[in-house]
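Okay, work-v9.cif is below, mmCIF, C-alpha atoms:
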data_run
#
loop_
_atom_site.label_atom_id
_atom_site.label_comp_id
_atom_site.auth_asym_id
_atom_site.auth_seq_id
_atom_site.Cartn_x
_atom_site.Cartn_y
_atom_site.Cartn_z
CA MET A 145 22.87 3.63 -19.49
CA ASP A 146 19.54 4.09 -17.69
CA GLY A 147 18.73 2.46 -14.39
CA THR A 148 15.60 0.48 -13.55
CA PHE A 149 12.46 1.34 -11.60
CA TYR A 150 11.40 -1.36 -9.15
CA GLY A 151 8.02 -1.46 -7.45
CA VAL A 152 8.79 -3.54 -4.36
CA GLY A 153 6.07 -5.08 -2.21
CA VAL A 154 7.12 -5.29 1.45
CA GLY A 155 4.12 -7.25 2.70
CA PRO A 156 1.34 -6.23 5.11
CA GLY A 157 3.25 -5.18 8.21
CA ASP A 158 5.27 -8.00 9.78
CA PRO A 159 8.94 -7.60 8.79
CA GLU A 160 9.29 -11.39 8.79
CA LEU A 161 6.97 -11.50 5.77
CA LEU A 162 9.43 -9.62 3.56
CA THR A 163 10.55 -11.82 0.68
CA LEU A 164 14.21 -12.57 0.07
CA LYS A 165 13.95 -10.94 -3.35
CA ALA A 166 12.48 -7.74 -1.90
CA VAL A 167 15.34 -7.56 0.60
CA ARG A 168 17.96 -8.06 -2.12
CA ILE A 169 16.49 -5.43 -4.46
CA ILE A 170 16.22 -2.85 -1.69
CA GLN A 171 19.78 -3.54 -0.56
CA GLU A 172 21.17 -3.23 -4.10
CA CYS A 173 19.21 -0.17 -5.25
CA ASP A 174 20.75 3.29 -5.35
CA VAL A 175 17.64 5.21 -4.29
CA VAL A 176 14.54 4.26 -2.27
CA ALA A 177 11.28 5.97 -3.25
CA LEU A 178 8.68 6.54 -0.54
CA ALA A 179 5.06 7.66 -0.78
CA VAL A 180 4.02 10.59 1.43
CA SER A 181 0.28 11.07 1.96
CA ASP A 182 0.51 14.32 3.94
CA LYS A 183 -1.56 16.94 2.05
CA ALA A 184 1.02 19.58 2.89
CA PHE A 185 3.55 17.65 0.83
CA GLN A 186 2.90 18.84 -2.74
CA GLU A 187 6.10 18.20 -4.72
CA PRO A 188 8.67 15.38 -5.00
CA VAL A 189 11.81 15.85 -2.89
CA TYR A 190 15.09 14.06 -3.57
CA ASP A 191 17.17 13.69 -0.41
CA ARG A 192 20.50 13.23 -2.19
CA GLU A 193 22.60 12.97 0.94
CA GLY A 194 20.33 10.62 2.87
CA SER A 195 20.55 13.06 5.77
CA LEU A 196 16.81 13.03 6.62
CA GLN A 197 16.77 16.38 8.46
CA GLU A 198 13.29 17.93 8.03
CA LEU A 199 12.17 14.81 6.14
CA CYS A 200 12.59 12.64 9.22
CA ARG A 201 8.98 13.12 10.31
CA TYR A 202 7.76 11.64 7.04
CA LEU A 203 9.89 8.54 7.58
CA GLN A 204 8.37 8.04 11.00
CA LYS A 205 4.90 7.96 9.43
CA CYS A 206 5.86 5.84 6.41
CA VAL A 207 4.62 2.33 7.23
CA ALA A 208 6.52 0.64 4.40
CA TYR A 209 9.79 2.23 5.56
CA GLN A 210 9.24 1.16 9.16
CA ILE A 211 8.58 -2.43 8.02
CA VAL A 212 11.85 -2.63 6.10
CA LEU A 213 14.16 -0.76 8.49
CA PRO A 214 14.58 -3.54 11.13
CA VAL A 215 15.55 -5.99 8.38
CA ILE A 216 17.75 -3.61 6.37
CA PRO A 217 19.27 -1.11 8.85
CA GLU A 218 21.41 0.41 6.07
CA LEU A 219 18.17 1.73 4.58
CA ALA A 220 18.54 4.73 6.90
CA GLY A 221 21.62 5.92 5.00
CA LYS A 222 20.29 5.37 1.47
CA LYS A 223 19.33 8.24 -0.80
CA LYS A 224 15.58 8.76 -0.78
CA LEU A 225 12.99 10.12 -3.17
CA PHE A 226 9.89 11.38 -1.35
CA LEU A 227 6.83 11.29 -3.61
CA PRO A 228 3.53 13.00 -2.69
CA MET A 229 0.56 10.63 -2.88
CA PRO A 230 -2.29 12.57 -1.22
CA MET A 231 -5.57 10.84 -0.44
CA ILE A 232 -7.72 13.06 -2.62
CA LYS A 233 -10.15 12.29 -5.45
CA GLU A 234 -9.67 15.33 -7.74
CA LYS A 235 -8.61 13.53 -10.93
CA GLU A 236 -6.81 16.43 -12.59
CA LYS A 237 -4.88 17.35 -9.45
CA LEU A 238 -3.86 13.71 -8.96
CA ARG A 239 -2.77 13.45 -12.59
CA GLN A 240 -0.49 16.45 -12.18
CA ILE A 241 1.00 15.08 -8.97
CA HIS A 242 1.59 11.62 -10.44
CA ASP A 243 3.17 13.14 -13.55
CA ALA A 244 5.55 15.11 -11.33
CA CYS A 245 6.41 11.97 -9.34
CA ALA A 246 7.23 10.07 -12.52
CA ASP A 247 9.33 12.96 -13.83
CA ALA A 248 11.32 13.08 -10.59
CA ALA A 249 11.98 9.34 -10.72
CA GLU A 250 12.92 9.56 -14.40
CA GLN A 251 15.58 12.19 -13.74
CA ILE A 252 17.30 9.85 -11.29
CA ILE A 253 16.94 6.74 -13.45
CA ARG A 254 18.34 8.52 -16.52
CA GLN A 255 21.53 9.01 -14.49
CA GLY A 256 21.95 5.24 -14.39
CA LYS A 257 20.58 4.79 -10.87
CA ASN A 258 18.14 2.07 -9.82
CA VAL A 259 15.10 3.25 -7.85
CA ALA A 260 13.09 0.97 -5.56
CA PHE A 261 9.62 2.26 -4.67
CA ILE A 262 8.72 0.32 -1.52
CA THR A 263 5.02 -0.23 -1.00
CA LEU A 264 2.76 -2.06 1.43
CA GLY A 265 1.48 -5.49 0.45
CA ASP A 266 1.84 -6.30 -3.24
CA PRO A 267 2.65 -3.58 -5.80
CA ALA A 268 0.06 -4.91 -8.26
CA ILE A 269 -2.89 -4.45 -5.86
CA TYR A 270 -4.16 -0.88 -5.32
CA SER A 271 -0.59 0.34 -4.98
CA THR A 272 0.48 3.96 -5.30
CA CYS A 273 3.68 2.85 -7.02
CA LEU A 274 1.63 1.86 -10.09
CA TYR A 275 0.96 5.53 -10.86
CA VAL A 276 4.69 6.02 -11.34
CA HIS A 277 5.40 2.59 -12.81
CA LYS A 278 3.02 2.90 -15.77
CA ARG A 279 4.18 6.41 -16.64
CA LEU A 280 7.83 5.35 -16.68
CA ALA A 281 7.03 2.28 -18.78
CA VAL A 282 5.44 4.53 -21.41
CA LYS A 283 8.67 6.57 -21.48
CA GLY A 284 10.61 3.41 -22.33
CA ILE A 285 12.28 3.09 -18.92
CA GLY A 286 12.91 -0.41 -17.59
CA THR A 287 10.42 -1.32 -14.89
CA CYS A 288 9.98 -4.36 -12.68
CA LEU A 289 7.41 -5.31 -10.03
CA ILE A 290 8.60 -7.38 -7.06
CA PRO A 291 5.60 -9.17 -5.52
CA GLY A 292 4.85 -9.02 -1.83
CA ILE A 293 2.43 -10.92 0.41
CA PRO A 294 -1.00 -9.26 -0.03
CA SER A 295 -2.71 -7.95 3.09
CA PHE A 296 -5.78 -10.14 2.60
CA CYS A 297 -3.66 -13.32 2.45
CA ALA A 298 -1.84 -12.29 5.63
CA ALA A 299 -5.15 -11.43 7.31
CA ALA A 300 -6.69 -14.80 6.44
CA ALA A 301 -3.62 -16.59 7.79
CA ARG A 302 -3.65 -14.47 10.94
CA MET A 303 -7.29 -15.39 11.60
CA ASN A 304 -6.62 -19.03 10.68
CA VAL A 305 -9.31 -19.11 7.98
CA GLY A 306 -9.24 -19.92 4.30
CA LEU A 307 -10.30 -17.41 1.67
CA VAL A 308 -11.85 -19.67 -0.97
CA GLU A 309 -12.24 -23.36 -1.77
CA ASN A 310 -13.24 -25.39 -4.81
CA ARG A 311 -15.37 -23.17 -7.11
CA GLU A 312 -15.85 -20.29 -4.69
CA GLU A 313 -15.19 -16.82 -6.08
CA LEU A 314 -12.95 -14.22 -4.48
CA HIS A 315 -13.72 -10.50 -4.82
CA ILE A 316 -11.27 -7.78 -3.76
CA ILE A 317 -13.17 -4.54 -3.06
CA PRO A 318 -11.86 -1.04 -2.20
CA ALA A 319 -14.22 -0.22 0.67
CA SER A 320 -13.76 3.56 0.54
CA TYR A 321 -15.95 3.78 -2.57
CA GLY A 322 -19.12 2.08 -1.25
CA VAL A 323 -19.76 -1.63 -0.94
CA GLU A 324 -23.51 -2.26 -1.05
CA GLU A 325 -23.64 -3.74 -4.57
CA SER A 326 -20.38 -5.63 -4.12
CA LEU A 327 -21.69 -7.43 -1.04
CA ASP A 328 -24.31 -9.12 -3.23
CA LEU A 329 -21.61 -10.90 -5.27
CA ASN A 330 -21.25 -14.65 -4.85
CA GLY A 331 -18.34 -16.03 -2.85
CA THR A 332 -15.88 -14.39 -0.46
CA LYS A 333 -15.61 -10.62 -0.35
CA VAL A 334 -12.46 -8.85 0.86
CA LEU A 335 -13.01 -5.22 1.82
CA MET A 336 -9.70 -3.36 1.81
CA LYS A 337 -9.01 -0.17 3.78
CA ALA A 338 -12.52 -0.18 5.20
CA GLY A 339 -11.79 2.19 8.11
CA ALA A 340 -12.96 5.40 6.43
CA LYS A 341 -16.43 3.98 5.74
CA MET A 342 -16.74 1.68 8.74
CA PRO A 343 -20.23 2.70 9.99
CA ASP A 344 -21.72 2.24 6.51
CA VAL A 345 -19.89 -1.05 5.97
CA LYS A 346 -21.02 -2.45 9.34
CA LYS A 347 -24.62 -1.53 8.62
CA ALA A 348 -24.56 -3.15 5.18
CA VAL A 349 -22.94 -6.36 6.49
CA ALA A 350 -25.30 -6.64 9.48
CA ALA A 351 -28.35 -6.24 7.23
CA ARG A 352 -27.23 -9.26 5.21
CA LYS A 353 -26.32 -11.36 8.28
CA MET A 354 -22.97 -12.35 6.78
CA GLU A 355 -20.05 -14.12 8.44
CA ILE A 356 -17.30 -11.57 9.04
CA HIS A 357 -13.65 -11.56 10.07
CA MET A 358 -11.71 -8.31 10.41
CA VAL A 359 -8.12 -7.43 11.19
CA GLU A 360 -7.05 -3.89 11.99
CA ASN A 361 -3.33 -3.17 11.44
CA CYS A 362 -2.49 -6.76 10.49
CA GLY A 363 1.09 -7.55 11.50
CA MET A 364 1.65 -4.02 12.81
CA PRO A 365 1.69 -2.53 16.31
CA GLY A 366 -1.87 -2.16 17.54
CA GLU A 367 -3.20 -5.18 15.65
CA ARG A 368 -6.76 -6.10 16.61
CA ILE A 369 -9.04 -8.92 15.44
CA TYR A 370 -12.84 -8.92 15.34
CA GLU A 371 -15.25 -11.77 14.57
CA ARG A 372 -18.58 -9.90 14.80
CA ALA A 373 -19.72 -6.74 13.03
CA GLU A 374 -21.21 -5.31 16.21
CA ASP A 375 -17.83 -5.48 17.98
CA ILE A 376 -16.02 -3.42 15.35
CA PRO A 377 -15.56 0.22 16.45
CA ASP A 378 -16.87 2.91 14.11
CA ASP A 379 -13.51 4.66 14.34
CA ALA A 380 -11.46 1.63 13.26
CA GLY A 381 -8.18 2.59 11.59
CA TYR A 382 -7.42 3.07 7.91
CA TYR A 383 -5.66 -0.31 7.65
CA SER A 384 -8.79 -2.31 8.45
CA LEU A 385 -9.46 -5.34 6.29
CA MET A 386 -12.63 -7.42 6.29
CA ILE A 387 -13.15 -10.95 5.02
CA ILE A 388 -16.85 -11.60 4.47
CA LYS A 389 -18.32 -14.99 3.68
CA GLU A 390 -21.85 -15.93 2.72
#
Write the structure described by the file as structure tokens, please.
Amino acid sequence: MDGTFYGVGVGPGDPELLTLKAVRIIQECDVVALAVSDKAFQEPVYDREGSLQELCRYLQKCVAYQIVLPVIPELAGKKKLFLPMPMIKEKEKLRQIHDACADAAEQIIRQGKNVAFITLGDPAIYSTCLYVHKRLAVKGIGTCLIPGIPSFCAAAARMNVGLVENREELHIIPASYGVEESLDLNGTKVLMKAGAKMPDVKKAVAARKMEIHMVENCGMPGERIYERAEDIPDDAGYYSLMIIKE
């Protein structure tokens, strides 16, 4: 009998924001899948013995793993499936990589093992685990998404501001693809992972004289909060999230 693939959201960074369900699924699963963004990492690797060895350096850089580890110390001894998820935009290359990731997960699941792909925030929102999830679903494998607290909800709470009220609209925007047109939308705009395009984003926001709140590394070590566009450094980190109001 086949196992199940779980896409498990572990929240934005604070281990205390892990849900009880996420903790239970991770504890009960046979294998934990982890995304590796290092470009040198080209193929899936199944660490059957949970011995880490040369894979230890990837665990140290895996934010989702580091969030879960203090809450579930036994995670260190679990079998792990390392899946390459490079930050590239070549569609054909990405398709091949995602196909290989799904194939690697399928081999384990067909052995009756449950696999939990742990991912930052919520697995339904710009999550790398979806690339594997949808491919496995097409193959007829049982899949399940375990929701996590989204980064923009945690950021709003951290800055003690609401996102929307009454009839206000909420727009979630991937900032790495350009934001000029999106900033003209009505309501509140959330710019996710804005670090890579920070100079352009700051310029566009300043030109429109919009109210801005930004958290860098929300709930993680090195968290910083900004209330003015001019105070935000151009080299802000990858996990920079902006909440922009009219």
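Distances to Gln210 (chain A) were evaluated for A:Val152, A:Val276, A:Met303, A:Ile262 using all atoms listed in the file, and the minimum falls at A:Ile262.
Here CA of Val167 (chain A) and CA of Phe296 (chain A) stand 21.4 Å from one another.
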Option closest in space to Ala220 (chain A), from A:Asp182, A:Asp379, A:Asp191, A:Asp266 [counting only C-alpha atoms]: A:Asp191
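Of the residues listed (A:His242, A:Arg302, A:Arg311, A:Lys165), A:Arg302 shows the shortest atom-to-atom separation from Met358 (chain A); distances use all atoms listed in the file.
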Who sits within 12 Å of region 316-328 of chain A, all atoms listed in the file, same chain under 2 positions skipped, as a ChimeraX atom specification: /A:231-233,269-271,294-297,307,313-314,330-356,382-390
Once the PyMOL selection byres ((chain A and resi 175) around 7) is applied to the coordinates I shared, what remains selected? I want it as a PDB file with C-alpha atoms, in the frame of the given file.
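And here is the file that came out, result_4.pdb:
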ATOM      1  CA  CYS A 173      19.210  -0.170  -5.250  1.00  0.00           C
ATOM      2  CA  ASP A 174      20.750   3.290  -5.350  1.00  0.00           C
ATOM      3  CA  VAL A 176      14.540   4.260  -2.270  1.00  0.00           C
ATOM      4  CA  ALA A 177      11.280   5.970  -3.250  1.00  0.00           C
ATOM      5  CA  LYS A 222      20.290   5.370   1.470  1.00  0.00           C
ATOM      6  CA  LYS A 223      19.330   8.240  -0.800  1.00  0.00           C
ATOM      7  CA  LYS A 224      15.580   8.760  -0.780  1.00  0.00           C
ATOM      8  CA  LEU A 225      12.990  10.120  -3.170  1.00  0.00           C
ATOM      9  CA  ASN A 258      18.140   2.070  -9.820  1.00  0.00           C
ATOM     10  CA  VAL A 259      15.100   3.250  -7.850  1.00  0.00           C
ATOM     11  CA  ALA A 260      13.090   0.970  -5.560  1.00  0.00           C
TER      12      ALA A 260
END
Nearby residues (all atoms listed in the file) at most 9 Å from Met364 (chain A), same-chain spacing under 6 positions excluded, as a PyMOL selection string: chain A and resi 156-158+207+211
Test item: the PyMOL selection byres ((chain A and resi 285) around 8) resolved as number ranges by chain: A: 146-149, 250, 280-284, 286-287
